[in-house]
Amino acid sequence: MNLRRTQWLPTAVGMLILGAMEVYIPSVGQTQTAAQIEVKDFTFMPTPLTVKAGSTVTWINKDDEPHSVVSDTGMFKSGGMDTNESFSYKFDKPGTYHFACSIHPRMVGTVVVQ
Amino acid sequence: MSDDQSPLSRRNALKCLAYGGAGTLFALSGGVFTPIDLAMAAGDKQGAAKLGRPLFVQISDSHIGFNKEANPDVNGTLTQTIDIVNGMSDQPALIIHTGDITHLSKPAEFDLAQQLFTRLRTTEMHTVPGEHDTTDATVTEYFNRFGKASANKGYYSFDHAGVHFIGLINVLQFKPGGLGTLGEEQLAWVAADLKGRSASAPIVVFAHMPLWTIYEPWGWGTGDADQLMSQLRRFGSVTVLNGHIHQIVQKVEGNMTFHTARSTSYPQPAAGVGSGPGPLKVPADQLAAMLGITSVSVVKHPSALALNDTALA
């Protein structure tokens, strides 16, 4: 969480850290080329997640219960992920992508690709 | 008290669940649902005998492949469950499994479950899938093994001993943020299946997710179940059996009795207790009392069924 908070800092310090990671920085400074969504306590965190086109997003399950990641449009589907298993998907085109856990459909999240 | 950080709420919650797991016998006669304490029924063998010969046994939520702290030996508890069924003096003619046979829809999990099921003396087994059985990318592992009865649709009906059984699937068409779904096609099939059927025919409907809303925030319900219930309301005896929530919850509405079964693997928290419906860790000596089966008997009146819950301990 500390790292994530650092990345969100809209300050020169935040810009410097992101710059060192060779990440494209638009005016809001929220995009990255690789990002992680943690699945814990039956929630996706963070959501919405904003990334640059071409970024790979990795979901990792930190619950004792399996979860999955299924796109609303059928664009990606993880299958059941047990504890500490992960799933990655590369987002090539800008857009807003909604997903849910097919095992617990109240769990929903969004990836915004810029 | 000093050995537990939050002793009151957690212990009391567990205690309530443990008492709930002690076993209750349900007699349904002419639409009237009468719960009888299992210990009392055991002491009154004549009274219990009046409940008739077991028609079928429901087992549920075996989660083969689960290996976490809440139950590191789900194979063992399923085997214990099978031993209870095999040990019944009057062998039931059918076994119904209401889904989540496996934990992660893996071929090896299904294979192991099938291997364990072969020990059942009752060989006629009917199943419906749970959402844990359909997480594989192609949703084929369950249907390759259990799809024959429904021609891979997941829903089907059959008759046995004058009772009409309807197995339904409500775990495939999830709407994000919503509940389980039956869908238009399946509801139309039910309407056709029930058309012209006598209202006096007892009906048993079984599906994995509850066919009534128990707790919407955790998805414990089926969004379009009302359209199913409106079709069933005219019948004199309807028994609706589900799994999914790993604990017994029941209600009676007119001539319809709704009942969810215990799991054979691990308990889950009561609705809304904790962050979500994950495995509930309980002391090892309490686990067996929170797992079990439901047996359903035909009583003397032809349209009456009796439900009997048995815990593993």
# chains A, B, ... in the order shown; residues from 1 in each chain; ligands from 1
>>> residues_around(residues="stretch 186-197 of chain B", least_positions_apart="3", cutoff="8 Å", atoms="only C-alpha atoms", output="PyMOL selection string")
chain B and resi 155+157+168+182-183+201+227-228+231
>>> write_last_selection(atoms="C-alpha atoms", output="PDB file, in the first residue's frame")
ATOM      1  CA  TYR B 155     -31.354 -28.717 -16.004  1.00  0.00           C
ATOM      2  CA  SER B 157     -36.381 -33.661 -14.531  1.00  0.00           C
ATOM      3  CA  LEU B 168     -31.903 -26.637 -12.118  1.00  0.00           C
ATOM      4  CA  LEU B 182     -31.996 -19.265 -14.093  1.00  0.00           C
ATOM      5  CA  GLY B 183     -32.566 -17.464 -17.382  1.00  0.00           C
ATOM      6  CA  ALA B 201     -47.978 -34.540  -7.500  1.00  0.00           C
ATOM      7  CA  GLN B 227     -40.697 -16.529 -11.996  1.00  0.00           C
ATOM      8  CA  LEU B 228     -40.010 -20.125 -10.973  1.00  0.00           C
ATOM      9  CA  GLN B 231     -45.077 -21.687 -11.652  1.00  0.00           C
TER      10      GLN B 231
END
>>> interface_residues(of="chain B", to="chain A", cutoff="6 Å", atoms="only C-alpha atoms", output="list in words")
Leu104, Glu131, Thr135, Asp136, Ala137, Pro176, Gly177, Gly178, Ser275, Gly276 and Gly278 of chain B
>>> write_last_selection(atoms="C-alpha atoms", output="tab-separated table (two decimals), in the first residue's frame")
chain	number	residue	atom	x	y	z
B	104	LEU	CA	-11.69	-25.30	-8.45
B	131	GLU	CA	-20.21	-22.09	-9.28
B	135	THR	CA	-14.82	-22.03	-13.18
B	136	ASP	CA	-12.76	-23.84	-15.83
B	137	ALA	CA	-12.24	-21.76	-18.95
B	176	PRO	CA	-22.05	-8.74	-11.99
B	177	GLY	CA	-23.09	-7.49	-8.60
B	178	GLY	CA	-26.18	-9.66	-8.75
B	275	SER	CA	-16.10	-9.78	5.26
B	276	GLY	CA	-17.64	-12.44	3.04
B	278	GLY	CA	-15.50	-17.71	2.93
>>> residues_around(residues="A:Pro46", least_positions_apart="6", cutoff="10 Å", atoms="only C-alpha atoms", output="VMD selection string")
chain A and resid 1 4 35 to 39 109 to 111
>>> select_by_dssp(residues="stretch 210-287 of chain B", states="alpha helix (DSSP H)", output="MDAnalysis selection string")
chainID B and resid 225:232 284:287
>>> residues_around(residues="A:Asn84", least_positions_apart="3", cutoff="7 Å", atoms="only C-alpha atoms", output="PyMOL selection string")
chain A and resi 60-62
>>> write_last_selection(atoms="N, CA and C atoms", output="PDB file, in the first residue's frame")
ATOM      1  N   ILE A  60      -4.100 -10.834  -8.066  1.00  0.00           N
ATOM      2  CA  ILE A  60      -3.592 -11.893  -7.181  1.00  0.00           C
ATOM      3  C   ILE A  60      -4.565 -12.119  -6.027  1.00  0.00           C
ATOM      4  N   ASN A  61      -4.890 -13.396  -5.804  1.00  0.00           N
ATOM      5  CA  ASN A  61      -5.894 -13.728  -4.774  1.00  0.00           C
ATOM      6  C   ASN A  61      -5.229 -13.911  -3.414  1.00  0.00           C
ATOM      7  N   LYS A  62      -5.626 -13.103  -2.461  1.00  0.00           N
ATOM      8  CA  LYS A  62      -5.077 -13.180  -1.107  1.00  0.00           C
ATOM      9  C   LYS A  62      -6.091 -13.719  -0.102  1.00  0.00           C
TER      10      LYS A  62
END
>>> closest_residue(among="A:Thr73, A:Thr96, A:Thr33, A:Ser88", to="A:Thr47", atoms="only C-alpha atoms")
A:Thr96
>>> closest_residue(among="A:Tyr97, A:Val113, A:Ala34, A:Asp92", to="A:Gly74", atoms="only C-alpha atoms")
A:Tyr97
>>> residues_around(residues="stretch 122-124 of chain B", least_positions_apart="5", cutoff="8 Å", atoms="only C-alpha atoms", output="tab-separated table (two decimals) with N, CA and C atoms, in the first residue's frame")
chain	number	residue	atom	x	y	z
B	86	ASN	N	-24.32	-44.88	3.88
B	86	ASN	CA	-24.25	-46.34	3.74
B	86	ASN	C	-24.75	-47.05	4.99
B	91	GLN	N	-32.00	-48.03	3.18
B	91	GLN	CA	-31.18	-47.36	2.16
B	91	GLN	C	-32.04	-46.47	1.27
B	92	PRO	N	-31.64	-45.21	1.12
B	92	PRO	CA	-32.38	-44.34	0.19
B	92	PRO	C	-32.16	-44.81	-1.24
B	93	ALA	N	-33.16	-44.57	-2.08
B	93	ALA	CA	-33.06	-45.02	-3.47
B	93	ALA	C	-32.17	-44.09	-4.29
B	94	LEU	N	-32.08	-42.83	-3.87
B	94	LEU	CA	-31.35	-41.83	-4.66
B	94	LEU	C	-30.43	-41.00	-3.78
B	95	ILE	N	-29.38	-40.47	-4.40
B	95	ILE	CA	-28.54	-39.46	-3.76
B	95	ILE	C	-28.61	-38.22	-4.66
>>> closest_residue(among="B:Glu184, B:Lys251, B:Thr222, B:Met88", to="B:Leu55", atoms="only C-alpha atoms")
B:Met88
>>> residues_around(residues="stretch 240-250 of chain B", least_positions_apart="3", cutoff="9 Å", atoms="only C-alpha atoms", output="PyMOL selection string")
chain B and resi 17+20-21+58-61+97-100+130-131+203-211+214+220+256-271+277+290-291+309
>>> atom_distance(atom1="atom CA of B:Thr134", atom2="atom CA of B:Thr310")
28.1 Å
